[in-house]
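Containing mmCIF, C-alpha atoms: structure-v4.cif.
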data_final
#
loop_
_atom_site.label_atom_id
_atom_site.label_comp_id
_atom_site.auth_asym_id
_atom_site.auth_seq_id
_atom_site.Cartn_x
_atom_site.Cartn_y
_atom_site.Cartn_z
CA MET C 1 8.45 33.98 -46.33
CA THR C 2 5.82 31.26 -45.95
CA GLN C 3 4.17 30.35 -42.72
CA SER C 4 5.93 26.99 -42.68
CA ASP C 5 9.31 28.74 -42.68
CA ASN C 6 8.54 30.04 -39.23
CA LYS C 7 9.87 28.12 -36.27
CA PRO C 8 7.12 26.58 -34.15
CA ALA C 9 6.05 28.96 -31.41
CA ALA C 10 7.69 27.89 -28.19
CA THR C 11 4.96 29.42 -26.04
CA HIS C 12 1.75 28.31 -27.76
CA TYR C 13 1.52 31.35 -30.08
CA ASN C 14 2.60 33.50 -27.13
CA GLN C 15 -0.61 32.62 -25.28
CA LYS C 16 -0.80 30.81 -22.00
CA PRO C 17 -2.29 27.31 -22.47
CA ILE C 18 -5.83 27.19 -21.06
CA ARG C 19 -6.04 23.45 -20.39
CA ARG C 20 -3.31 22.38 -18.05
CA ALA C 21 -2.83 19.15 -16.18
CA GLU C 22 -2.89 19.66 -12.46
CA PHE C 23 -0.58 17.44 -10.39
CA ILE C 24 -1.75 16.54 -6.92
CA LYS C 25 0.20 14.81 -4.21
CA PRO C 26 -2.39 13.21 -1.90
CA PRO C 27 -1.36 12.48 1.69
CA ASN C 28 0.19 9.02 2.00
CA ILE C 29 -2.23 7.70 4.62
CA LEU C 30 -1.05 4.11 4.28
CA LYS C 31 2.56 5.04 4.92
CA SER C 32 1.63 7.04 8.01
CA LYS C 33 -0.30 4.04 9.32
CA VAL C 34 2.12 1.19 8.60
CA GLY C 35 5.45 2.86 9.31
CA SER C 36 8.54 1.45 7.63
CA GLY C 37 10.66 -1.67 7.42
CA GLY C 38 8.60 -3.84 5.08
CA LEU C 39 7.42 -7.35 5.87
CA SER C 40 9.70 -10.07 7.16
CA GLN C 41 10.65 -13.10 5.10
CA SER C 42 8.88 -15.35 7.61
CA ILE C 43 5.56 -13.55 7.10
CA LEU C 44 5.94 -13.77 3.32
CA SER C 45 6.78 -17.47 3.55
CA LYS C 46 3.78 -18.06 5.79
CA ALA C 47 1.54 -16.25 3.28
CA GLN C 48 2.99 -18.27 0.40
CA ASP C 49 2.44 -21.52 2.34
CA LEU C 50 -1.16 -20.49 2.81
CA LEU C 51 -1.53 -20.08 -0.95
CA GLU C 52 0.18 -23.35 -1.75
CA ASN C 53 -1.72 -25.37 0.82
CA ASN C 54 -5.21 -24.09 0.09
CA THR C 55 -7.61 -27.00 -0.28
CA VAL C 56 -10.11 -25.30 -2.58
CA ASP C 57 -11.39 -27.69 -5.25
CA PHE C 58 -11.02 -25.72 -8.46
CA ARG C 59 -12.98 -28.19 -10.59
CA PRO C 60 -16.54 -26.83 -10.03
CA LEU C 61 -15.28 -23.31 -10.73
CA GLY C 62 -13.32 -24.53 -13.75
CA GLU C 63 -16.40 -26.36 -15.06
CA MET C 64 -18.44 -23.17 -14.70
CA TYR C 65 -15.93 -21.21 -16.80
CA LEU C 66 -15.76 -24.07 -19.34
CA ASN C 67 -19.57 -23.98 -19.68
CA GLN C 68 -19.42 -20.23 -20.31
CA LEU C 69 -16.70 -20.81 -22.89
CA GLN C 70 -18.82 -23.50 -24.58
CA GLU C 71 -21.77 -21.08 -24.73
CA GLY C 72 -19.49 -18.58 -26.45
CA ILE C 73 -18.31 -21.19 -28.95
CA ASP C 74 -21.89 -22.29 -29.70
CA LEU C 75 -23.13 -18.72 -30.14
CA SER C 76 -20.24 -17.95 -32.46
CA ALA C 77 -20.97 -21.08 -34.50
CA ILE C 78 -24.65 -20.12 -34.86
CA ASP C 79 -23.59 -16.62 -35.83
CA LEU C 80 -21.58 -18.01 -38.74
CA ASP C 81 -24.89 -18.97 -40.43
CA SER C 82 -25.91 -15.30 -40.55
CA PRO C 83 -24.88 -13.04 -43.44
CA GLU C 84 -21.47 -11.52 -42.78
CA GLU C 85 -22.84 -8.01 -42.17
CA ASP C 86 -25.16 -9.30 -39.40
CA ARG C 87 -22.49 -11.17 -37.45
CA HIS C 88 -21.32 -10.11 -34.00
CA GLY C 89 -17.67 -11.11 -34.29
CA GLU C 90 -16.22 -8.90 -31.57
CA LYS C 91 -19.06 -9.62 -29.13
CA ASN C 92 -18.65 -13.35 -29.71
CA ILE C 93 -14.91 -13.17 -29.19
CA ARG C 94 -15.54 -11.40 -25.87
CA GLN C 95 -17.98 -14.18 -24.86
CA MET C 96 -15.14 -16.67 -25.28
CA LEU C 97 -12.35 -14.43 -24.07
CA TYR C 98 -13.66 -13.68 -20.58
CA PRO C 99 -14.12 -17.28 -19.37
CA SER C 100 -10.76 -18.13 -20.99
CA MET C 101 -9.14 -15.35 -19.00
CA GLN C 102 -10.80 -16.65 -15.80
CA LEU C 103 -9.44 -20.15 -16.46
CA LYS C 104 -5.98 -18.71 -17.01
CA ALA C 105 -6.21 -16.49 -13.92
CA ASN C 106 -7.64 -18.97 -11.45
CA GLY C 107 -6.23 -22.35 -12.46
CA GLY C 108 -2.79 -21.57 -11.09
CA MET C 109 -4.21 -20.05 -7.91
CA PHE C 110 -5.72 -23.45 -7.07
CA HIS C 111 -2.93 -25.85 -8.10
CA TYR C 112 -4.02 -26.31 -11.72
CA ASP C 113 -0.99 -24.64 -13.30
CA LEU C 114 -1.53 -26.47 -16.59
CA VAL C 115 -4.99 -24.87 -16.89
CA THR C 116 -3.29 -21.49 -16.53
CA ILE C 117 -0.67 -22.34 -19.17
CA ILE C 118 -3.27 -23.60 -21.66
CA GLY C 119 -5.67 -20.75 -20.78
CA ASP C 120 -2.90 -18.25 -21.44
CA LYS C 121 -2.38 -19.66 -24.96
CA LEU C 122 -6.13 -19.50 -25.57
CA VAL C 123 -6.32 -15.88 -24.39
CA GLN C 124 -3.41 -14.99 -26.68
CA PHE C 125 -5.17 -16.65 -29.61
CA LEU C 126 -8.50 -14.91 -28.94
CA GLU C 127 -6.77 -11.57 -28.37
CA VAL C 128 -5.42 -11.46 -31.91
CA ILE C 129 -8.06 -12.98 -34.19
CA GLU C 130 -10.34 -10.55 -35.91
CA ARG C 131 -13.27 -12.86 -36.70
CA PRO C 132 -14.20 -16.17 -35.10
CA ASP C 133 -14.41 -18.25 -38.29
CA LEU C 134 -15.09 -21.99 -38.35
CA GLU C 135 -11.46 -23.08 -38.09
CA ALA C 136 -10.77 -20.62 -35.29
CA LEU C 137 -13.76 -22.06 -33.43
CA GLU C 138 -12.39 -25.57 -33.94
CA ILE C 139 -9.17 -24.46 -32.30
CA VAL C 140 -11.05 -22.88 -29.38
CA GLN C 141 -13.03 -26.11 -29.05
CA ALA C 142 -9.75 -28.07 -28.91
CA PHE C 143 -8.57 -25.81 -26.07
CA HIS C 144 -11.88 -26.39 -24.29
CA THR C 145 -11.62 -30.18 -24.64
CA THR C 146 -8.02 -30.17 -23.42
CA ILE C 147 -8.74 -28.05 -20.34
CA ARG C 148 -11.71 -30.26 -19.56
CA ALA C 149 -9.49 -33.35 -19.79
CA VAL C 150 -6.99 -31.73 -17.40
CA LEU C 151 -9.74 -31.03 -14.88
CA LEU C 152 -11.36 -34.46 -15.21
CA GLY C 153 -7.98 -36.14 -14.93
CA GLN C 154 -7.19 -33.90 -11.93
CA ILE C 155 -3.81 -33.09 -13.45
CA GLN C 156 -2.37 -30.66 -10.94
CA GLY C 157 0.83 -28.69 -11.46
CA SER C 158 2.29 -28.25 -14.92
CA GLY C 159 1.56 -31.84 -15.98
CA GLY C 160 5.20 -32.67 -16.72
CA ARG C 161 6.05 -34.04 -20.17
CA TYR C 162 2.41 -34.84 -20.90
CA GLY C 163 1.47 -31.25 -20.12
CA ASN C 164 4.22 -29.90 -22.38
CA GLU C 165 3.01 -32.08 -25.25
CA LEU C 166 -0.57 -30.87 -24.86
CA VAL C 167 0.50 -27.23 -24.83
CA GLN C 168 2.81 -27.76 -27.80
CA ALA C 169 0.04 -29.40 -29.84
CA LEU C 170 -2.33 -26.49 -29.18
CA ASP C 171 0.39 -23.96 -29.87
CA ASP C 172 1.17 -25.65 -33.20
CA ALA C 173 -2.51 -25.56 -34.15
CA CYS C 174 -2.56 -21.78 -33.53
CA TYR C 175 0.60 -21.28 -35.61
CA ARG C 176 -0.81 -23.34 -38.47
CA TYR C 177 -3.99 -21.26 -38.34
CA PHE C 178 -2.12 -17.96 -38.56
CA ILE C 179 0.02 -19.23 -41.43
CA LYS C 180 -3.16 -20.28 -43.28
CA TYR C 181 -5.16 -17.15 -42.42
CA PRO C 182 -2.72 -14.27 -41.98
CA ASP C 183 -5.52 -11.80 -42.75
CA ASN C 184 -7.55 -12.81 -39.71
CA ILE C 185 -5.28 -11.01 -37.29
CA ASP C 186 -6.77 -7.85 -35.85
CA PRO C 187 -4.44 -5.10 -37.17
CA HIS C 188 -4.75 -3.23 -33.86
CA LYS C 189 -3.50 -6.26 -31.96
CA ARG C 190 -0.69 -7.40 -34.25
CA MET T 1 11.07 -2.32 12.70
CA ALA T 2 8.54 -3.77 10.26
CA TYR T 3 5.31 -2.64 8.68
CA ASN T 4 2.38 -2.68 11.08
CA PHE T 5 -0.87 -3.08 9.13
CA ASN T 6 -2.95 -3.33 12.30
CA SER T 7 -4.82 -0.04 11.81
CA VAL T 8 -5.26 -0.52 8.05
CA THR T 9 -8.61 -1.29 6.40
CA VAL T 10 -8.58 -3.04 3.01
CA LEU T 11 -11.63 -3.66 0.83
CA VAL T 12 -11.37 -6.80 -1.35
CA VAL T 13 -13.84 -7.22 -4.22
CA ASP T 14 -14.26 -10.48 -6.16
CA ASP T 15 -17.23 -12.54 -7.32
CA ASN T 16 -15.10 -15.66 -7.12
CA ILE T 17 -15.62 -16.59 -3.47
CA PRO T 18 -12.59 -18.92 -3.04
CA MET T 19 -10.38 -16.19 -4.51
CA LEU T 20 -11.98 -13.59 -2.24
CA GLN T 21 -11.27 -15.78 0.79
CA ILE T 22 -7.67 -16.45 -0.26
CA THR T 23 -6.93 -12.77 -0.80
CA LYS T 24 -8.49 -11.95 2.55
CA SER T 25 -6.40 -14.65 4.28
CA LEU T 26 -3.22 -13.33 2.66
CA LEU T 27 -3.94 -9.83 3.92
CA LEU T 28 -4.69 -11.12 7.40
CA THR T 29 -1.38 -13.01 7.33
CA PHE T 30 0.33 -9.73 6.41
CA GLY T 31 -1.25 -8.36 9.60
CA VAL T 32 -3.99 -6.18 8.09
CA GLY T 33 -6.35 -5.26 10.92
CA ASN T 34 -9.61 -5.01 9.00
CA VAL T 35 -10.49 -6.72 5.71
CA LEU T 36 -13.87 -5.91 4.18
CA THR T 37 -15.22 -8.05 1.34
CA ALA T 38 -17.74 -7.50 -1.45
CA LYS T 39 -18.86 -9.65 -4.38
CA ASP T 40 -19.28 -6.92 -6.99
CA GLY T 41 -18.59 -3.27 -7.70
CA GLU T 42 -21.94 -1.95 -6.51
CA ALA T 43 -21.72 -3.57 -3.09
CA ALA T 44 -18.08 -2.48 -2.92
CA PHE T 45 -18.94 1.17 -3.56
CA GLU T 46 -21.43 1.10 -0.67
CA LEU T 47 -18.79 -0.33 1.67
CA PHE T 48 -16.25 2.17 0.35
CA GLN T 49 -18.57 5.08 1.18
CA ARG T 50 -19.39 3.70 4.60
CA TYR T 51 -15.95 2.61 5.83
CA ASP T 52 -13.48 4.72 3.81
CA PRO T 53 -10.88 1.93 3.40
CA ASP T 54 -7.18 2.71 2.98
CA LEU T 55 -6.82 0.42 -0.02
CA ILE T 56 -9.04 -1.43 -2.49
CA ILE T 57 -8.11 -4.71 -4.17
CA THR T 58 -10.61 -5.60 -6.86
CA ASP T 59 -11.14 -8.20 -9.55
CA TRP T 60 -11.89 -6.92 -13.08
CA MET T 61 -14.72 -9.07 -14.43
CA MET T 62 -17.79 -8.97 -12.19
CA ARG T 63 -21.51 -8.38 -12.60
CA PRO T 64 -23.43 -6.10 -12.29
CA MET T 65 -20.53 -3.67 -11.79
CA ASP T 66 -16.98 -4.66 -12.74
CA GLY T 67 -13.71 -3.51 -11.16
CA ILE T 68 -12.91 -0.92 -13.80
CA THR T 69 -16.34 0.72 -13.46
CA LEU T 70 -15.87 0.73 -9.70
CA ALA T 71 -12.53 2.51 -10.11
CA LYS T 72 -14.09 5.01 -12.50
CA LYS T 73 -16.90 5.71 -10.02
CA ILE T 74 -14.48 6.18 -7.13
CA ARG T 75 -12.29 8.56 -9.13
CA ARG T 76 -15.07 10.59 -10.77
CA ASP T 77 -18.16 10.49 -8.56
CA LYS T 78 -18.41 13.82 -6.76
CA THR T 79 -19.81 12.11 -3.67
CA ALA T 80 -16.92 9.61 -3.45
CA LYS T 81 -15.43 9.66 0.02
CA ASN T 82 -11.78 9.43 -1.04
CA PRO T 83 -11.08 9.65 -4.79
CA TYR T 84 -7.37 9.20 -4.11
CA VAL T 85 -7.70 5.75 -2.54
CA PRO T 86 -5.13 3.33 -4.06
CA ILE T 87 -6.79 0.63 -6.17
CA ILE T 88 -5.10 -2.65 -7.11
CA LEU T 89 -6.76 -4.49 -10.00
CA MET T 90 -6.48 -8.30 -10.03
CA THR T 91 -6.82 -9.77 -13.49
CA GLY T 92 -5.79 -12.63 -15.72
CA PHE T 93 -5.20 -10.21 -18.58
CA SER T 94 -1.58 -9.30 -19.08
CA GLU T 95 -1.76 -7.90 -22.63
CA LYS T 96 -0.50 -4.35 -22.94
CA HIS T 97 -3.70 -2.87 -24.34
CA ARG T 98 -5.70 -4.27 -21.39
CA ILE T 99 -3.21 -2.85 -18.90
CA PHE T 100 -3.43 0.55 -20.60
CA GLU T 101 -7.23 0.37 -20.53
CA ALA T 102 -7.15 -0.23 -16.77
CA ARG T 103 -4.55 2.46 -16.20
CA ASP T 104 -6.63 4.97 -18.15
CA GLU T 105 -9.56 4.43 -15.80
CA GLY T 106 -7.63 5.27 -12.66
CA ILE T 107 -6.22 1.94 -11.49
CA THR T 108 -3.11 2.38 -9.32
CA GLU T 109 -1.47 -1.04 -9.70
CA ILE T 110 -2.20 -4.24 -11.60
CA LEU T 111 -1.80 -7.67 -10.04
CA VAL T 112 -1.80 -10.36 -12.71
CA LYS T 113 -3.36 -13.67 -11.66
CA PRO T 114 -2.20 -16.24 -10.81
CA PHE T 115 0.05 -14.48 -8.33
CA LYS T 116 2.33 -15.34 -5.43
CA ALA T 117 2.17 -13.83 -1.93
CA ARG T 118 5.28 -11.83 -2.75
CA ASP T 119 3.59 -10.32 -5.85
CA LEU T 120 0.78 -8.95 -3.70
CA TYR T 121 3.31 -7.64 -1.20
CA LYS T 122 5.28 -5.94 -4.00
CA ARG T 123 2.18 -4.00 -5.08
CA LEU T 124 1.51 -2.95 -1.46
CA PHE T 125 5.14 -1.91 -1.07
CA GLN T 126 4.97 0.13 -4.25
CA ILE T 127 1.85 1.96 -3.07
CA ILE T 128 3.31 2.62 0.38
CA GLU T 129 6.84 3.60 -0.59
CA LYS T 130 6.44 5.01 -4.10
CA PRO T 131 2.92 6.42 -4.26
CA ARG T 132 1.89 7.89 -7.59
CA GLN T 133 0.96 11.53 -7.72
CA PHE T 134 -2.49 12.27 -9.14
CA VAL T 135 -3.22 14.04 -12.38
CA ARG T 136 -6.32 16.09 -13.07
CA SER T 137 -6.78 17.13 -16.67
CA GLU T 138 -9.69 17.74 -18.99
CA ASN T 139 -10.13 14.04 -19.78
CA PHE T 140 -8.48 12.22 -16.92
CA PHE T 141 -8.38 12.06 -13.18
CA GLY T 142 -6.31 9.40 -11.51
CA PRO T 143 -2.84 8.23 -10.56
CA ASP T 144 -0.09 9.50 -12.86
CA ARG T 145 0.14 6.97 -15.67
CA ARG T 146 3.85 7.46 -16.12
CA ARG T 147 6.15 5.39 -13.96
CA ASN T 148 9.17 7.65 -13.61
CA ASN T 149 11.98 5.71 -12.02
CA GLY T 150 14.48 8.41 -12.89
CA GLU T 151 16.49 6.00 -15.00
CA TYR T 152 17.37 7.15 -18.53
CA GLN T 153 16.44 4.35 -20.94
CA GLY T 154 18.03 5.64 -24.16
CA PRO T 155 21.38 4.79 -25.71
CA ARG T 156 24.49 5.41 -23.63
CA ARG T 157 27.20 7.25 -25.44
CA ARG T 158 29.34 9.12 -22.95
CA GLN T 159 32.27 8.01 -20.84
CA GLU T 160 30.44 8.55 -17.54
CA ASP T 161 27.47 6.55 -18.84
CA VAL T 162 29.75 3.62 -19.58
CA ALA T 163 31.21 3.96 -16.10
CA LYS T 164 27.68 3.80 -14.67
CA MET T 165 26.97 0.66 -16.66
CA PHE T 166 29.89 -1.13 -15.07
CA PRO T 167 29.69 -0.40 -11.37
CA GLU T 168 32.24 -1.98 -9.06
CA GLY T 169 32.12 -5.73 -9.10
CA ARG T 170 29.98 -5.95 -12.23
CA VAL T 171 32.00 -6.97 -15.22
CA GLU T 172 29.32 -8.49 -17.42
CA MET T 173 28.44 -6.53 -20.54
CA SER T 174 24.95 -6.57 -21.98
CA HIS T 175 24.48 -7.94 -25.47
CA ALA T 176 23.48 -4.47 -26.73
CA THR T 177 26.61 -2.88 -25.26
CA LYS T 178 28.82 -5.57 -26.77
CA LYS T 179 27.20 -4.92 -30.15
CA ASP T 180 27.71 -1.15 -29.80
CA LEU T 181 31.38 -1.63 -28.94
CA GLU T 182 31.84 -4.01 -31.86
CA ASN T 183 30.30 -1.47 -34.24
CA ALA T 184 32.43 1.34 -32.84
CA ARG T 185 35.56 -0.78 -33.27
CA LYS T 186 34.60 -1.56 -36.91
CA HIS T 187 34.08 2.14 -37.68
CA LEU T 188 37.39 3.01 -36.11
CA ASP T 189 39.14 0.33 -38.18
CA GLU T 190 37.53 1.76 -41.36
CA VAL T 191 38.66 5.26 -40.44
CA ARG T 192 42.19 3.97 -39.74
CA SER T 193 42.40 2.07 -43.01
CA LYS T 194 41.05 5.02 -45.08
CA ALA T 195 43.56 7.34 -43.47
CA GLY T 196 46.39 4.79 -43.52
CA ILE T 197 46.88 4.86 -39.77
CA ALA T 198 48.48 1.88 -38.07
CA GLU T 199 46.57 0.16 -35.28
CA ASN T 200 48.82 1.41 -32.50
CA GLU T 201 49.02 4.98 -33.85
CA GLU T 202 46.97 7.71 -32.22
CA ILE T 203 44.45 9.54 -34.43
CA THR T 204 44.58 13.31 -34.63
CA ILE T 205 41.63 14.32 -36.76
CA THR T 206 43.08 17.62 -38.00
CA ASP T 207 46.08 15.85 -39.54
CA TYR T 208 44.11 13.80 -42.02
CA ASN T 209 41.43 14.35 -44.58
CA ILE T 210 39.04 11.55 -43.72
CA GLU T 211 35.86 11.03 -45.71
CA VAL T 212 33.09 9.57 -43.67
CA ASP T 213 29.88 8.30 -45.26
CA PHE T 214 26.83 9.36 -43.36
CA VAL T 215 23.23 10.23 -44.02
CA GLU T 216 22.06 13.52 -42.69
CA ALA T 217 18.83 13.20 -40.76
CA LYS T 218 16.12 15.48 -42.07
CA ASP T 219 14.15 17.30 -39.43
CA ASP T 220 10.36 17.46 -39.52
CA ASP T 221 10.20 21.03 -40.79
CA ASP T 222 12.17 20.06 -43.91
CA ASN T 223 9.78 17.21 -44.59
CA ASN T 224 6.74 19.41 -44.13
CA ASN T 225 8.04 22.00 -46.56
CA GLU T 226 8.53 19.52 -49.34
#
Show me, as structure tokens, the structure contained in the file I just sent.
Amino acid sequence: MTQSDNKPAATHYNQKPIRRAEFIKPPNILKSKVGSGGLSQSILSKAQDLLENNTVDFRPLGEMYLNQLQEGIDLSAIDLDSPEEDRHGEKNIRQMLYPSMQLKANGGMFHYDLVTIIGDKLVQFLEVIERPDLEALEIVQAFHTTIRAVLLGQIQGSGGRYGNELVQALDDACYRYFIKYPDNIDPHKR
Amino acid sequence: MAYNFNSVTVLVVDDNIPMLQITKSLLLTFGVGNVLTAKDGEAAFELFQRYDPDLIITDWMMRPMDGITLAKKIRRDKTAKNPYVPIILMTGFSEKHRIFEARDEGITEILVKPFKARDLYKRLFQIIEKPRQFVRSENFFGPDRRRNNGEYQGPRRRQEDVAKMFPEGRVEMSHATKKDLENARKHLDEVRSKAGIAENEEITITDYNIEVDFVEAKDDDDNNNE
């Protein structure tokens, strides 16, 4: 009889496991403080009104993130002149990814829903590419230019039909890129 | 009766000042008695040690210390005042691998930006009503990463399962269930036609010699022995 004929030991070779996970139930301090019953609809509506009626001008913040994104694009473009083994692909993607995520996250909080929609597409694109090659950078630059136009044109909300067309055009560009360069998709993020 | 947040202290951390102010205003509208604010993880940790807040809501990307590092410090630093404090992470990332990364560092709940007032409330409700137990193992300390809602997610194959799927008043069938029923009906028709049983006749398996094509699943041990 070979060892592999044996059934796997149900009790870790008859030894007690040394490393165990300990489960802890901490006291629910919040619950003891707030009681029960939830929040009323009127409070939630009031809070939502507060969000919808905030008068924060998102444009300076948006411009700041766009500048950071442009720095990332420029650094990545310079990096393309270096020999392949000296390039910092992942670092450069991060430099572009973080401001893109901020644009996506904050646009919609301050009435610029279209910035969030476009930013989301950009984040999705940057999340899957493995190397920022020249054509990928052109696409990122197109996203940058479009978001800038939305901010300069003060296009609040989703932008209606015009907004849909912009998003569709950028989406198509990403699809075309992935059809042309199927190998530039990070296998871990497929 | 409703929640009374009057005696609750919440620490909000964000380097984006308008966002920090909005989150603070939302919490005050919910009735939170004390809202502390910090612009980065380092300042937040100081406030955390000094005021021992009941809840932390933090952004992810900040300098010099980001929200994830703050969570890690709170969970693992031996001097931390309350390593069990619930932490909500606000982020624009919604990709699975980012969520897992945050979860693995001890984040309790994720709030994806942009969010609505109700989204923030839902996370608070979750923490209050369905708090996660904590897990301490060799490589991890933090809220249990599994969300066990007690609901079996696998295929339903028994009569009582089907009954559960169609509670009183709910007559709509999911696409998957419809497909399963269609397949079952097809198989039954095949069995009937092979055995020469009419549609309205009852099947008694022992009366007929029915050949059924099926592939036997190999178990892992068989594969390993090959």
Mind running chain T against chain C at 7 Å and telling me each contacting residue's nearest atom pair with the distance in Å (one decimal), counting all atoms listed in the file, chain and number ascending, as a Markdown table?
| residue | atom | partner | partner_atom | distance |
| --- | --- | --- | --- | --- |
| T:Met1 | CA | C:Gly37 | CA | 5.3 |
| T:Ala2 | CA | C:Gly37 | CA | 4.1 |
| T:Tyr3 | CA | C:Val34 | CA | 5.0 |
| T:Asn4 | CA | C:Val34 | CA | 4.6 |
| T:Phe5 | CA | C:Val34 | CA | 5.2 |
| T:Ser7 | CA | C:Lys33 | CA | 6.6 |
| T:Val8 | CA | C:Lys33 | CA | 6.9 |
| T:Pro18 | CA | C:Val56 | CA | 6.9 |
| T:Leu26 | CA | C:Ala47 | CA | 5.6 |
| T:Thr29 | CA | C:Ala47 | CA | 6.0 |
| T:Phe30 | CA | C:Ile43 | CA | 6.5 |
| T:Asp54 | CA | C:Leu30 | CA | 6.4 |
| T:Tyr84 | CA | C:Pro26 | CA | 6.8 |
| T:Thr91 | CA | C:Ala105 | CA | 6.8 |
| T:Gly92 | CA | C:Ala105 | CA | 4.3 |
| T:Phe93 | CA | C:Met101 | CA | 6.5 |
| T:Lys113 | CA | C:Ala105 | CA | 4.6 |
| T:Pro114 | CA | C:Ala105 | CA | 5.1 |
| T:Lys116 | CA | C:Gln48 | CA | 6.6 |
| T:Ala117 | CA | C:Gln48 | CA | 5.1 |
| T:Arg118 | CA | C:Leu44 | CA | 6.4 |
| T:Ile128 | CA | C:Lys31 | CA | 5.2 |
| T:Gln133 | CA | C:Lys25 | CA | 4.9 |
| T:Phe134 | CA | C:Ile24 | CA | 4.9 |
| T:Val135 | CA | C:Phe23 | CA | 4.7 |
| T:Arg136 | CA | C:Glu22 | CA | 5.0 |
| T:Ser137 | CA | C:Ala21 | CA | 4.5 |
| T:Glu138 | CA | C:Arg19 | CA | 6.9 |
| T:Asn225 | CA | C:Ser4 | CA | 6.7 |
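Pairwise distance (CA of Ala198 in chain T, CA of Glu182 in chain T) equals 18.7 Å.
Restricting the calculation to all atoms listed in the file, the smallest distance between Met65 in chain T and any of T:Arg50, T:Val10, T:Asp77, T:Phe45 is found for T:Phe45.
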Discussion item. One decimal, in Å: what's the spacing between CA of Ile118 in chain C and CA of Gln154 in chain C?
Written reply: 14.7 Å
Response to the item:
Atom pair CA of Asp79 in chain C + CA of Leu122 in chain C, distance 20.5 Å
Item to complete: Determine the residue set returned by the PyMOL selection byres ((chain C and resi 74) around 12) for the present structure, and present it as number ranges by chain.
Response: C: 67-73, 75-81, 92-93, 95-96, 132, 134, 137-138, 140-141
Grab all the atoms of range 94-110 of chain T that the file lists, wrap them in a box along x, y and z, add 6 Å per side, and give me centre plus edge lengths in Å (one decimal) as lines of an AutoDock Vina configuration file.
center_x = -5.0
center_y = -2.0
center_z = -16.8
size_x = 21.1
size_y = 26.6
size_z = 27.0
Worksheet item: What does the PyMOL selection byres ((chain C and resi 163-167) around 10) select in this file, as a list in words?
Response: Asp113, Leu114, Val115, Ile117, Ile118, Gly119, Lys121, Phe143, Thr146, Ile147, Val150, Ile155, Gln156, Gly157, Ser158, Gly159, Gly160, Arg161, Tyr162, Gln168, Ala169, Leu170, Asp171, Asp172 and Ala173 of chain C
Worksheet entry | Which of T:Pro86, T:Leu27, T:Asp66, T:Gly106 sits closest to Lys130 in chain T [using all atoms listed in the file] | T:Pro86
Fill in: Selection result of the PyMOL selection byres ((chain T and resi 60) around 12) on this file, as an NGL selection string
(:C and (98 or 101-102 or 105)) or (:T and (12-16 or 39-41 or 57-59 or 61-71 or 87-93 or 98-99 or 101-102 or 105 or 107 or 110-113))
